[in-house]
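Asker: File name entry26.tsv; file contents TSV, C-alpha atoms; full text below.
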chain	number	residue	atom	x	y	z
E	1	MET	CA	48.09	13.47	9.18
E	2	THR	CA	49.96	15.72	6.77
E	3	ILE	CA	49.26	16.05	3.06
E	4	VAL	CA	52.41	14.06	2.31
E	5	ASP	CA	51.25	11.24	4.60
E	6	ARG	CA	47.86	11.17	2.90
E	7	VAL	CA	49.50	11.02	-0.52
E	8	LEU	CA	51.74	8.15	0.58
E	9	THR	CA	48.76	6.31	2.07
E	10	TYR	CA	46.74	6.63	-1.14
E	11	ARG	CA	49.78	5.57	-3.14
E	12	ARG	CA	50.22	2.41	-1.07
E	13	ARG	CA	46.52	1.61	-1.45
E	14	ALA	CA	46.73	2.12	-5.20
E	15	GLN	CA	49.79	-0.13	-5.42
E	16	ARG	CA	48.03	-2.79	-3.37
E	17	VAL	CA	44.99	-2.68	-5.65
E	18	TRP	CA	47.13	-2.69	-8.80
E	19	SER	CA	49.24	-5.66	-7.73
E	20	GLY	CA	46.37	-7.55	-6.11
E	21	PRO	CA	45.32	-11.02	-7.30
E	22	ASP	CA	42.37	-11.64	-9.55
E	23	HIS	CA	39.21	-13.53	-8.65
E	24	TYR	CA	39.48	-16.17	-11.37
E	25	GLU	CA	40.47	-19.27	-9.40
E	26	TRP	CA	38.24	-18.87	-6.36
E	27	LEU	CA	35.24	-17.72	-8.40
E	28	SER	CA	35.69	-20.57	-10.88
E	29	GLY	CA	35.86	-22.98	-7.96
E	30	TYR	CA	32.80	-21.38	-6.38
E	31	LEU	CA	30.83	-21.86	-9.61
E	32	ALA	CA	32.07	-25.43	-9.88
E	33	THR	CA	31.03	-26.42	-6.36
E	34	ARG	CA	27.58	-24.98	-6.97
E	35	GLY	CA	27.30	-26.70	-10.37
E	36	ARG	CA	27.00	-23.34	-12.17
E	37	GLN	CA	30.03	-23.39	-14.45
E	38	ARG	CA	28.16	-24.79	-17.44
E	39	ALA	CA	25.35	-22.27	-17.04
E	40	ALA	CA	27.82	-19.38	-16.76
E	41	ALA	CA	29.70	-20.60	-19.83
E	42	ARG	CA	26.48	-20.78	-21.84
E	43	VAL	CA	25.54	-17.23	-20.86
E	44	ILE	CA	28.94	-15.98	-21.99
E	45	ALA	CA	28.68	-17.93	-25.25
E	46	ILE	CA	25.25	-16.44	-25.93
E	47	GLY	CA	26.62	-12.96	-25.23
E	48	VAL	CA	29.41	-13.45	-27.76
E	49	LEU	CA	26.91	-14.75	-30.32
E	50	PHE	CA	24.86	-11.59	-29.77
E	51	LEU	CA	27.87	-9.56	-30.88
E	52	ALA	CA	28.15	-11.73	-33.99
E	53	GLY	CA	24.44	-11.33	-34.70
E	54	ILE	CA	24.63	-7.54	-34.31
E	55	GLU	CA	27.50	-7.39	-36.76
E	56	VAL	CA	25.60	-9.50	-39.30
E	57	LEU	CA	22.56	-7.22	-39.02
E	58	MET	CA	24.69	-4.09	-39.44
E	59	MET	CA	26.03	-5.43	-42.72
E	60	PHE	CA	22.52	-4.96	-44.12
E	61	SER	CA	22.20	-1.41	-42.77
E	62	PRO	CA	23.40	1.80	-44.44
E	63	ALA	CA	24.94	2.71	-41.07
E	64	GLY	CA	27.06	-0.45	-41.08
E	65	PRO	CA	30.21	-1.37	-42.98
E	66	THR	CA	29.94	-0.39	-46.65
E	67	GLY	CA	33.27	-0.94	-48.43
E	68	ALA	CA	34.78	-4.30	-49.35
E	69	VAL	CA	37.53	-4.01	-46.75
E	70	GLN	CA	35.08	-2.99	-44.04
E	71	ARG	CA	32.74	-5.87	-44.87
E	72	GLY	CA	35.64	-8.29	-44.86
E	73	CYS	CA	36.65	-7.10	-41.40
E	74	ALA	CA	33.06	-7.44	-40.22
E	75	LEU	CA	32.89	-11.02	-41.50
E	76	ALA	CA	36.14	-11.78	-39.72
E	77	VAL	CA	34.65	-10.47	-36.48
E	78	VAL	CA	31.61	-12.69	-36.96
E	79	ALA	CA	33.79	-15.75	-37.58
E	80	VAL	CA	35.93	-15.10	-34.52
E	81	CYS	CA	32.85	-14.58	-32.33
E	82	VAL	CA	31.32	-17.86	-33.48
E	83	ALA	CA	34.60	-19.66	-32.75
E	84	ILE	CA	34.81	-18.12	-29.28
E	85	SER	CA	31.23	-19.11	-28.48
E	86	LEU	CA	31.94	-22.71	-29.48
E	87	ILE	CA	34.93	-22.75	-27.14
E	88	TRP	CA	32.76	-21.55	-24.27
E	89	ILE	CA	30.08	-24.15	-24.98
E	90	ARG	CA	32.49	-27.09	-24.62
E	91	PRO	CA	32.32	-28.94	-21.28
E	92	ARG	CA	35.71	-27.85	-19.96
E	93	TRP	CA	35.87	-24.51	-18.12
E	94	PRO	CA	38.66	-22.33	-19.59
E	95	THR	CA	41.91	-21.71	-17.76
E	96	ARG	CA	42.91	-18.25	-16.56
E	97	THR	CA	45.21	-17.88	-19.58
E	98	ALA	CA	42.44	-18.88	-22.00
E	99	SER	CA	40.10	-16.40	-20.34
E	100	THR	CA	42.69	-13.63	-20.67
E	101	VAL	CA	43.08	-14.41	-24.37
E	102	PHE	CA	39.29	-14.30	-24.68
E	103	VAL	CA	39.27	-10.80	-23.17
E	104	LEU	CA	41.99	-9.50	-25.49
E	105	VAL	CA	40.44	-11.01	-28.62
E	106	SER	CA	37.00	-9.72	-27.65
E	107	ALA	CA	38.37	-6.22	-27.09
E	108	ALA	CA	39.93	-6.32	-30.55
E	109	CYS	CA	36.70	-7.58	-32.14
E	110	ILE	CA	34.64	-4.81	-30.54
E	111	GLY	CA	37.18	-2.25	-31.74
E	112	VAL	CA	37.09	-3.51	-35.32
E	113	ALA	CA	33.29	-3.69	-35.29
E	114	CYS	CA	33.08	-0.05	-34.14
E	115	VAL	CA	35.69	1.37	-36.51
E	116	VAL	CA	34.29	-0.21	-39.69
E	117	GLU	CA	30.76	1.17	-39.23
E	118	ALA	CA	29.89	3.98	-41.62
E	119	ASP	CA	27.73	5.93	-39.16
E	120	PRO	CA	29.84	7.22	-36.24
E	121	MET	CA	26.76	7.68	-34.04
E	122	SER	CA	26.01	3.98	-34.44
E	123	ALA	CA	29.66	3.19	-33.80
E	124	ILE	CA	29.83	5.19	-30.56
E	125	ALA	CA	26.82	3.27	-29.27
E	126	ALA	CA	28.60	0.00	-30.05
E	127	CYS	CA	31.57	1.19	-27.97
E	128	GLY	CA	29.34	0.62	-24.96
E	129	LEU	CA	30.06	-3.11	-25.38
E	130	TYR	CA	33.41	-2.43	-23.74
E	131	GLY	CA	31.43	-1.89	-20.55
E	132	VAL	CA	29.99	-5.41	-20.81
E	133	LEU	CA	33.44	-6.86	-21.43
E	134	GLY	CA	34.78	-4.77	-18.57
E	135	GLY	CA	32.11	-6.23	-16.31
E	136	TYR	CA	33.40	-9.73	-17.10
E	137	ILE	CA	36.95	-8.59	-16.35
E	138	GLY	CA	35.84	-6.92	-13.14
E	139	ILE	CA	34.23	-10.15	-11.98
E	140	PHE	CA	36.97	-12.62	-12.93
E	141	HIS	CA	40.22	-10.78	-13.53
E	142	SER	CA	42.61	-8.22	-12.10
E	143	VAL	CA	42.72	-4.43	-12.22
E	144	ARG	CA	45.68	-4.67	-14.61
E	145	LEU	CA	43.64	-6.42	-17.29
E	146	LEU	CA	40.83	-3.99	-16.59
E	147	ALA	CA	43.22	-1.14	-17.35
E	148	VAL	CA	44.15	-2.74	-20.68
E	149	ASN	CA	40.49	-3.01	-21.67
E	150	LEU	CA	39.87	0.59	-20.61
E	151	ALA	CA	42.86	1.83	-22.63
E	152	VAL	CA	41.61	0.05	-25.76
E	153	ALA	CA	38.08	1.34	-25.15
E	154	VAL	CA	39.29	4.93	-24.76
E	155	ALA	CA	41.35	4.70	-27.95
E	156	VAL	CA	38.51	3.26	-30.05
E	157	SER	CA	35.91	5.63	-28.58
E	158	THR	CA	38.17	8.62	-29.24
E	159	ILE	CA	38.62	7.60	-32.88
E	160	VAL	CA	34.86	7.35	-33.30
E	161	ALA	CA	34.32	10.66	-31.46
E	162	ILE	CA	36.69	12.42	-33.85
E	163	ARG	CA	34.56	11.19	-36.75
E	164	ILE	CA	31.45	12.55	-34.97
E	165	ALA	CA	33.16	15.93	-34.59
E	166	GLU	CA	34.02	15.96	-38.29
E	167	GLN	CA	30.55	14.94	-39.51
E	168	ILE	CA	28.32	16.62	-36.89
E	169	ASP	CA	29.94	18.92	-34.30
E	170	ALA	CA	32.52	18.87	-31.51
E	171	VAL	CA	30.03	19.35	-28.67
E	172	THR	CA	28.07	16.25	-29.67
E	173	ALA	CA	31.32	14.32	-30.00
E	174	VAL	CA	32.47	15.26	-26.50
E	175	ALA	CA	29.06	14.51	-24.98
E	176	LYS	CA	28.85	11.07	-26.60
E	177	LEU	CA	32.45	10.27	-25.66
E	178	LEU	CA	31.89	11.18	-22.01
E	179	ALA	CA	28.68	9.14	-21.87
E	180	VAL	CA	30.42	6.06	-23.25
E	181	LEU	CA	33.52	6.44	-21.10
E	182	GLY	CA	31.36	6.81	-18.00
E	183	GLY	CA	29.62	3.52	-18.68
E	184	ILE	CA	32.72	1.52	-19.59
E	185	THR	CA	34.51	2.82	-16.49
E	186	VAL	CA	31.84	2.62	-13.80
E	187	ILE	CA	30.47	-0.87	-14.59
E	188	PRO	CA	33.81	-2.76	-14.31
E	189	ILE	CA	34.94	-0.86	-11.22
E	190	LEU	CA	31.60	-1.54	-9.54
E	191	CYS	CA	31.95	-5.25	-10.33
E	192	GLN	CA	35.46	-5.26	-8.86
E	193	LEU	CA	34.34	-3.56	-5.66
E	194	LEU	CA	31.34	-5.85	-5.20
E	195	LEU	CA	33.46	-8.98	-5.67
E	196	GLU	CA	36.10	-7.76	-3.24
E	197	ARG	CA	33.51	-6.90	-0.59
E	198	LEU	CA	30.93	-9.63	-1.06
E	199	GLY	CA	33.04	-12.49	-2.43
E	200	PRO	CA	34.51	-13.69	0.89
E	201	ASP	CA	31.11	-13.31	2.58
E	202	ALA	CA	29.50	-15.46	-0.13
E	203	ILE	CA	32.03	-18.21	0.45
E	204	ASN	CA	31.99	-17.97	4.25
E	205	SER	CA	28.19	-18.05	4.35
E	206	ASP	CA	28.32	-21.57	2.91
E	207	THR	CA	30.97	-23.03	5.21
E	208	ASP	CA	31.23	-24.11	8.80
E	209	ALA	CA	33.69	-21.76	10.50
E	210	LEU	CA	35.40	-24.47	12.56
E	211	THR	CA	35.86	-27.28	10.03
E	212	GLY	CA	35.63	-25.57	6.64
E	213	LEU	CA	32.96	-28.08	5.56
E	214	LEU	CA	29.60	-27.05	4.15
E	215	ASN	CA	27.03	-25.89	6.67
E	216	ARG	CA	23.42	-27.11	6.79
E	217	ARG	CA	22.08	-24.33	4.54
E	218	ALA	CA	24.77	-24.89	1.92
E	219	LEU	CA	24.22	-28.66	1.99
E	220	HIS	CA	20.59	-28.24	0.95
E	221	SER	CA	21.22	-25.47	-1.57
E	222	ARG	CA	24.05	-27.34	-3.29
E	223	ALA	CA	22.21	-30.64	-3.39
E	224	ALA	CA	20.02	-29.27	-6.17
E	225	ASP	CA	23.04	-28.03	-8.14
E	226	VAL	CA	25.34	-31.02	-7.72
E	227	LEU	CA	23.11	-34.07	-7.29
E	228	ASP	CA	19.84	-33.39	-9.17
E	229	GLY	CA	19.78	-35.31	-12.42
E	230	SER	CA	22.61	-37.65	-11.39
E	231	THR	CA	22.06	-41.12	-12.75
E	232	GLY	CA	25.37	-42.90	-12.20
E	233	SER	CA	25.70	-46.48	-13.48
E	234	SER	CA	22.94	-49.05	-13.67
E	235	GLY	CA	21.69	-49.78	-10.15
E	236	ALA	CA	23.30	-46.67	-8.70
E	237	VAL	CA	21.85	-45.21	-5.53
E	238	LEU	CA	22.01	-41.89	-3.74
E	239	ALA	CA	23.55	-42.48	-0.33
E	240	VAL	CA	23.31	-40.13	2.63
E	241	TYR	CA	25.43	-40.84	5.70
E	242	LEU	CA	24.90	-39.28	9.11
E	243	VAL	CA	28.01	-39.52	11.30
E	244	ASP	CA	27.59	-38.78	15.02
E	245	LEU	CA	30.60	-38.96	17.35
E	246	ASP	CA	30.14	-41.28	20.33
E	247	ASP	CA	30.40	-39.77	23.82
E	248	PHE	CA	32.00	-36.60	22.50
E	249	LYS	CA	31.09	-34.80	25.73
E	250	ARG	CA	33.83	-36.84	27.40
E	251	VAL	CA	36.47	-35.13	25.26
E	252	ASN	CA	35.23	-31.65	26.14
E	253	ASP	CA	34.92	-32.48	29.84
E	254	THR	CA	38.32	-34.18	30.05
E	255	TYR	CA	40.52	-32.11	27.76
E	256	GLY	CA	38.64	-28.84	27.34
E	257	HIS	CA	36.75	-27.22	24.50
E	258	ALA	CA	39.90	-26.16	22.65
E	259	VAL	CA	40.90	-29.80	22.27
E	260	GLY	CA	37.31	-30.66	21.39
E	261	ASP	CA	37.38	-28.14	18.56
E	262	ALA	CA	40.69	-29.55	17.34
E	263	VAL	CA	39.22	-33.06	17.38
E	264	LEU	CA	36.21	-31.92	15.34
E	265	SER	CA	38.54	-30.37	12.75
E	266	THR	CA	40.61	-33.57	12.62
E	267	VAL	CA	37.50	-35.71	12.22
E	268	ALA	CA	36.25	-33.41	9.45
E	269	ARG	CA	39.50	-33.82	7.52
E	270	ALA	CA	39.43	-37.59	8.04
E	271	ILE	CA	35.87	-37.81	6.72
E	272	GLN	CA	36.59	-35.59	3.74
E	273	ALA	CA	39.66	-37.65	2.85
E	274	LYS	CA	37.45	-40.74	2.50
E	275	CYS	CA	34.94	-39.05	0.16
E	276	ASP	CA	35.05	-38.44	-3.57
E	277	ASP	CA	35.39	-34.90	-4.89
E	278	SER	CA	31.76	-35.05	-6.07
E	279	ALA	CA	30.44	-35.81	-2.57
E	280	LEU	CA	28.79	-33.15	-0.43
E	281	VAL	CA	30.30	-33.12	3.06
E	282	ALA	CA	28.74	-30.96	5.77
E	283	ARG	CA	28.79	-30.38	9.50
E	284	ILE	CA	25.18	-29.85	10.58
E	285	GLY	CA	25.49	-29.80	14.35
E	286	GLY	CA	27.92	-29.98	17.25
E	287	GLU	CA	29.39	-33.40	16.47
E	288	GLU	CA	27.14	-34.42	13.57
E	289	PHE	CA	28.29	-34.69	9.97
E	290	VAL	CA	26.33	-35.47	6.80
E	291	ILE	CA	27.73	-36.84	3.56
E	292	ALA	CA	25.70	-37.18	0.34
E	293	GLU	CA	27.04	-38.97	-2.71
E	294	VAL	CA	26.05	-41.24	-5.58
E	295	VAL	CA	27.42	-44.79	-5.23
E	296	ALA	CA	27.20	-47.90	-7.36
E	297	SER	CA	24.89	-49.98	-5.15
E	298	ASP	CA	23.44	-50.51	-1.68
E	299	ASP	CA	26.44	-52.68	-0.86
E	300	ALA	CA	28.73	-49.80	-1.83
E	301	ALA	CA	26.74	-47.52	0.47
E	302	MET	CA	27.24	-49.86	3.42
E	303	ALA	CA	30.93	-50.12	2.58
E	304	GLY	CA	31.08	-46.34	2.56
E	305	ALA	CA	29.50	-46.18	6.01
E	306	ARG	CA	32.07	-48.63	7.39
E	307	ARG	CA	34.85	-46.63	5.75
E	308	LEU	CA	33.68	-43.46	7.48
E	309	SER	CA	33.38	-45.21	10.84
E	310	MET	CA	36.91	-46.57	10.52
E	311	ALA	CA	38.28	-43.16	9.51
E	312	VAL	CA	36.86	-41.59	12.67
E	313	SER	CA	38.16	-44.40	14.90
E	314	GLN	CA	41.70	-43.73	13.65
E	315	THR	CA	41.70	-40.15	14.95
E	316	PRO	CA	43.24	-39.26	18.37
E	317	TYR	CA	41.63	-39.36	21.83
E	318	GLY	CA	39.84	-42.66	21.23
E	319	ILE	CA	37.00	-41.11	19.27
E	320	THR	CA	34.48	-43.42	17.60
E	321	ALA	CA	31.32	-42.74	15.62
E	322	SER	CA	27.90	-44.21	14.99
E	323	VAL	CA	27.08	-44.02	11.28
E	324	GLY	CA	23.63	-44.24	9.73
E	325	ALA	CA	23.27	-44.73	5.98
E	326	ALA	CA	20.13	-44.03	3.95
E	327	THR	CA	19.76	-44.84	0.26
E	328	VAL	CA	17.33	-44.38	-2.59
E	329	ALA	CA	17.65	-45.85	-6.07
E	330	LEU	CA	18.37	-43.49	-8.94
E	331	ALA	CA	16.00	-43.80	-11.89
E	332	ARG	CA	17.16	-43.26	-15.45
E	333	GLY	CA	16.23	-39.60	-15.35
E	334	GLY	CA	17.17	-39.04	-11.72
E	335	VAL	CA	15.21	-40.00	-8.62
E	336	GLY	CA	11.84	-38.80	-9.88
E	337	THR	CA	11.39	-36.16	-7.21
E	338	PRO	CA	14.49	-33.93	-7.32
E	339	VAL	CA	17.25	-34.96	-4.93
E	340	SER	CA	17.08	-31.58	-3.23
E	341	GLY	CA	13.46	-32.33	-2.33
E	342	ARG	CA	14.29	-35.73	-0.80
E	343	LEU	CA	17.48	-34.85	1.00
E	344	GLY	CA	15.58	-34.02	4.18
E	345	GLU	CA	13.84	-37.42	4.08
E	346	LEU	CA	17.14	-39.21	3.55
E	347	ILE	CA	18.78	-37.38	6.43
E	348	ALA	CA	15.86	-38.32	8.70
E	349	VAL	CA	16.17	-42.00	7.70
E	350	ALA	CA	19.95	-41.89	8.17
E	351	ASP	CA	19.39	-40.32	11.60
E	352	ARG	CA	17.16	-43.22	12.65
E	353	ALA	CA	19.74	-45.70	11.38
E	354	MET	CA	22.48	-43.85	13.28
E	355	TYR	CA	20.56	-44.00	16.55
E	356	GLU	CA	20.03	-47.72	16.02
E	357	ALA	CA	23.81	-48.11	15.76
E	358	LYS	CA	24.29	-45.94	18.86
E	359	ARG	CA	21.80	-48.02	20.90
E	360	SER	CA	23.79	-51.11	19.92
E	361	GLY	CA	26.85	-49.72	21.67
E	362	GLY	CA	28.17	-47.21	19.14
E	363	ASN	CA	31.21	-47.49	16.88
E	364	GLY	CA	29.06	-49.19	14.28
E	365	CYS	CA	26.96	-48.72	11.15
E	366	ARG	CA	23.36	-49.29	10.17
E	367	HIS	CA	21.79	-48.97	6.73
E	368	HIS	CA	18.12	-48.25	5.92
E	369	ALA	CA	16.54	-47.60	2.54
E	370	LEU	CA	14.15	-44.73	1.99
E	371	ASP	CA	11.32	-47.22	1.40
E	372	GLY	CA	11.80	-48.65	4.91
E	373	THR	CA	14.00	-51.63	4.00
E	374	ARG	CA	16.56	-52.43	6.71
E	375	PHE	CA	19.76	-54.07	5.53
E	376	PRO	CA	21.47	-56.61	7.78
E	377	GLN	CA	24.72	-55.61	9.46
E	378	ARG	CA	27.70	-57.25	7.78
Taking this structure as input, can you express it in the form of structure tokens?
Answerer:
Amino acid sequence: MTIVDRVLTYRRRAQRVWSGPDHYEWLSGYLATRGRQRAAARVIAIGVLFLAGIEVLMMFSPAGPTGAVQRGCALAVVAVCVAISLIWIRPRWPTRTASTVFVLVSAACIGVACVVEADPMSAIAACGLYGVLGGYIGIFHSVRLLAVNLAVAVAVSTIVAIRIAEQIDAVTAVAKLLAVLGGITVIPILCQLLLERLGPDAINSDTDALTGLLNRRALHSRAADVLDGSTGSSGAVLAVYLVDLDDFKRVNDTYGHAVGDAVLSTVARAIQAKCDDSALVARIGGEEFVIAEVVASDDAAMAGARRLSMAVSQTPYGITASVGAATVALARGGVGTPVSGRLGELIAVADRAMYEAKRSGGNGCRHHALDGTRFPQR
């Protein structure tokens, strides 16, 4: 490969990175499915409040803003930070546009906070906050927005470094500038690289490769995030359904494994279409599926089991399913023992109910409660 070819290759790679998509949508969705959006939003809100608190403290320091204009700017930064933190605390996760505005406003606030400080050595240390903001951008946003943050950070840091050169010496100014620029450059780029390399693996590790549903490990890990603390309406119950396809070996033996895989994918889509967005839907074995959701009552749980059985029976190749339902009542503060700790019990009970339906000829439903109550077939 010639030098020209290498240059063209690097150029194409750089263009691909520059024009590449951000991580905002898939990472926001990943946090949502794991029930972590609220926690992430609170962490960000606390981080913004830290910036406001630092600025308030610096107003009482000789190294902080001293003049009337500088203090006014510092107060404005505090007010904006408080407003931003309140926006993050609200229940709704921000859109990509709102997050971009947050980045730009935060970059401006950090710049103002650094420039108004009387002591340039204190100000150059505060420039390191651009590294924290860059980390957020590296995780959620694109390289283009990262470049904007870096440009603002370089401009502000250079202004502060010039003041250091004027008040102390040029060598110190250059050393401090390089130290800050190293931090605000390396941290965001590292975050970008980690997300690009590990992000798809994190998602794929939670899903069944054939159907795209959750796998067994993800079902148990997400139960704690999504279902723990759920109370629903008065009389609500946690329902776990175990769906096992009847005589699925016949499909593989008659039509081949490729058709069998296609049938499993079709069944998975049919099951998912009958479940609410809040339900956890997983494939835990060859032709076994588990669904966990909060429903209004035991009657609603049995209706859900029949709905799943009917959905499977409407798929091609004459496939039917035996469905076992297991329920436990939700107390006011949840189910007492966390749902994640009882999911295994519920699956075991649903499994026994499923085998009861299968022994009765298949293509049917049975419903047992966690306390051993068996509900009549209706």
Asker: From the set E:Glu196, E:Asp253, E:Glu288, E:Asp351, which residue has the shortest atom-to-atom contact distance to Leu213 in chain E, counting all atoms listed in the file?
Answerer: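 Counting all atoms listed in the file, the residue closest to Leu213 in chain E is E:Glu288.
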Asker: Counting only C-alpha atoms, which of E:Arg216, E:Val328, E:Ala305, E:Arg38 gets nearest to Val281 in chain E?
Answerer: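 For Val281 in chain E, the nearest of the candidates is E:Arg216.
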Asker: Quick one: of E:Ile110, E:Leu280, E:Leu190, E:Ala170, who's nearest to Ile137 in chain E, counting all atoms listed in the file?
Answerer: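 Of E:Ile110, E:Leu280, E:Leu190, E:Ala170, the one nearest Ile137 in chain E is E:Leu190, counting all atoms listed in the file.
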Asker: Would you mind listing what lies within 8 Å of range 316-324 of chain E as an MDAnalysis selection string, with only C-alpha atoms counted and same-chain residues fewer than 3 positions away left out?
Answerer: chainID E and resid 241:246 248 251 263 305:306 308:309 312:313 350:355 357:358 362:368
Asker: For Leu27 in chain E, which residue among E:Ala41, E:Ala236, E:Leu195, E:Ala326 is the nearest when counting only C-alpha atoms?
Answerer: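 Ranked by minimum distance to Leu27 in chain E, first place goes to E:Leu195.
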Asker: Please provide as a list in words all residues within 10 Å of Ala126 in chain E, with the sequence filter that same-chain residues fewer than 6 positions apart are discarded (counting all atoms listed in the file).
Answerer: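 Close residues of Ala126 in chain E: Leu51, Ile54, Ile110, Gly111, Ala113, Cys114, Val115, Glu117, Pro120, Ser157 and Val180 of chain E.
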Asker: For each of E:Ala83, E:Glu25, E:Ala173, E:Ala125, take the minimum atom-to-atom distance to Ile139 in chain E, counting only C-alpha atoms, then give the residue where this is smallest.
Answerer: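 Of the candidates, the smallest distance to Ile139 in chain E is held by E:Glu25.
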Asker: Excluding Gln192 in chain E and its own-chain neighbours fewer than 3 positions away, which residues fall within 9 Å of it when counting all atoms listed in the file? Please give them as a list in words.
Answerer: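 Close residues of Gln192 in chain E: Gly135, Ile137, Gly138, Ile139, Phe140, His141, Ser142, Val143, Ile187, Pro188, Ile189, Leu195, Glu196 and Arg197 of chain E.
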Asker: Store the residues of this selection in a file with C-alpha atoms, as a PDB file, in the frame of the given file.
Answerer:
ATOM      1  CA  GLY E 135      32.110  -6.230 -16.310  1.00  0.00           C
ATOM      2  CA  ILE E 137      36.950  -8.590 -16.350  1.00  0.00           C
ATOM      3  CA  GLY E 138      35.840  -6.920 -13.140  1.00  0.00           C
ATOM      4  CA  ILE E 139      34.230 -10.150 -11.980  1.00  0.00           C
ATOM      5  CA  PHE E 140      36.970 -12.620 -12.930  1.00  0.00           C
ATOM      6  CA  HIS E 141      40.220 -10.780 -13.530  1.00  0.00           C
ATOM      7  CA  SER E 142      42.610  -8.220 -12.100  1.00  0.00           C
ATOM      8  CA  VAL E 143      42.720  -4.430 -12.220  1.00  0.00           C
ATOM      9  CA  ILE E 187      30.470  -0.870 -14.590  1.00  0.00           C
ATOM     10  CA  PRO E 188      33.810  -2.760 -14.310  1.00  0.00           C
ATOM     11  CA  ILE E 189      34.940  -0.860 -11.220  1.00  0.00           C
ATOM     12  CA  LEU E 195      33.460  -8.980  -5.670  1.00  0.00           C
ATOM     13  CA  GLU E 196      36.100  -7.760  -3.240  1.00  0.00           C
ATOM     14  CA  ARG E 197      33.510  -6.900  -0.590  1.00  0.00           C
TER      15      ARG E 197
END
Asker: Quick one: what's the axis-aligned box for range 302-321 of chain E, all listed atoms, 8 Å on every side, centre and edges in Å to one decimal, as AutoDock Vina command-line options?
Answerer:
--center_x 35.2 --center_y -44.7 --center_z 12.2 --size_x 32.0 --size_y 26.9 --size_z 35.3
Asker: So that I can see what lies close to Ala301 in chain E, please list as a count of residues only the residues with an atom at most 9 Å from it, counting all atoms listed in the file and leaving out residues fewer than 3 positions away in the same chain.
Answerer: 17
Asker: May I ask which of the residues E:Ala311, E:Val112, E:Val56, E:Ala107 is the closest one to Val69 in chain E, counting all atoms listed in the file?
Answerer: E:Val112
Asker: What is the distance between CA of Leu219 in chain E and CA of His23 in chain E, in Å to one decimal?
Answerer: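 Straight-line distance from CA of Leu219 in chain E to CA of His23 in chain E works out to 23.8 Å.
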Asker: Name all residues at most 12 Å from Gly53 in chain E (count only C-alpha atoms; drop same-chain ones fewer than 2 positions away) and give them as a list of chain:residue names.
Answerer: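 Counting only the stated atoms, we get E:Ile46, E:Gly47, E:Val48, E:Leu49, E:Phe50, E:Leu51, E:Glu55, E:Val56, E:Leu57, E:Met58, E:Met59, E:Phe60, E:Ala74, E:Leu75, E:Val77, E:Val78, E:Ala79, E:Cys81, E:Val82, E:Ala113.
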Asker: At what distance in Å, to one decimal, does CA of Val132 in chain E lie from CA of Arg144 in chain E?
Answerer: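 Distance reported for this atom pair: 16.9 Å.
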Asker: CA of Glu345 in chain E and CA of Thr207 in chain E, how far apart in Å?
Answerer: 22.4 Å
Asker: Can you write range 123-148 of chain E from the block above with C-alpha atoms, as a PDB file, in the first residue's frame?
Answerer:
ATOM      1  CA  ALA E 123      -9.792  29.256  36.611  1.00  0.00           C
ATOM      2  CA  ILE E 124      -7.560  26.827  34.700  1.00  0.00           C
ATOM      3  CA  ALA E 125      -8.489  24.094  37.171  1.00  0.00           C
ATOM      4  CA  ALA E 126     -12.172  24.820  36.547  1.00  0.00           C
ATOM      5  CA  CYS E 127     -11.567  24.359  32.812  1.00  0.00           C
ATOM      6  CA  GLY E 128     -11.222  20.663  33.600  1.00  0.00           C
ATOM      7  CA  LEU E 129     -15.030  20.560  33.841  1.00  0.00           C
ATOM      8  CA  TYR E 130     -15.061  20.536  30.051  1.00  0.00           C
ATOM      9  CA  GLY E 131     -13.690  17.012  30.339  1.00  0.00           C
ATOM     10  CA  VAL E 132     -16.728  15.964  32.384  1.00  0.00           C
ATOM     11  CA  LEU E 133     -19.078  17.567  29.869  1.00  0.00           C
ATOM     12  CA  GLY E 134     -17.098  15.953  27.072  1.00  0.00           C
ATOM     13  CA  GLY E 135     -17.572  12.577  28.739  1.00  0.00           C
ATOM     14  CA  TYR E 136     -21.352  13.072  28.593  1.00  0.00           C
ATOM     15  CA  ILE E 137     -21.088  14.024  24.923  1.00  0.00           C
ATOM     16  CA  GLY E 138     -18.849  11.048  24.216  1.00  0.00           C
ATOM     17  CA  ILE E 139     -21.414   8.714  25.748  1.00  0.00           C
ATOM     18  CA  PHE E 140     -24.593  10.130  24.199  1.00  0.00           C
ATOM     19  CA  HIS E 141     -23.720  12.317  21.234  1.00  0.00           C
ATOM     20  CA  SER E 142     -21.721  12.496  18.023  1.00  0.00           C
ATOM     21  CA  VAL E 143     -18.128  13.422  17.264  1.00  0.00           C
ATOM     22  CA  ARG E 144     -19.369  16.675  15.718  1.00  0.00           C
ATOM     23  CA  LEU E 145     -20.823  17.926  18.996  1.00  0.00           C
ATOM     24  CA  LEU E 146     -17.693  16.696  20.731  1.00  0.00           C
ATOM     25  CA  ALA E 147     -15.646  18.901  18.407  1.00  0.00           C
ATOM     26  CA  VAL E 148     -17.786  21.925  19.311  1.00  0.00           C
TER      27      VAL E 148
END
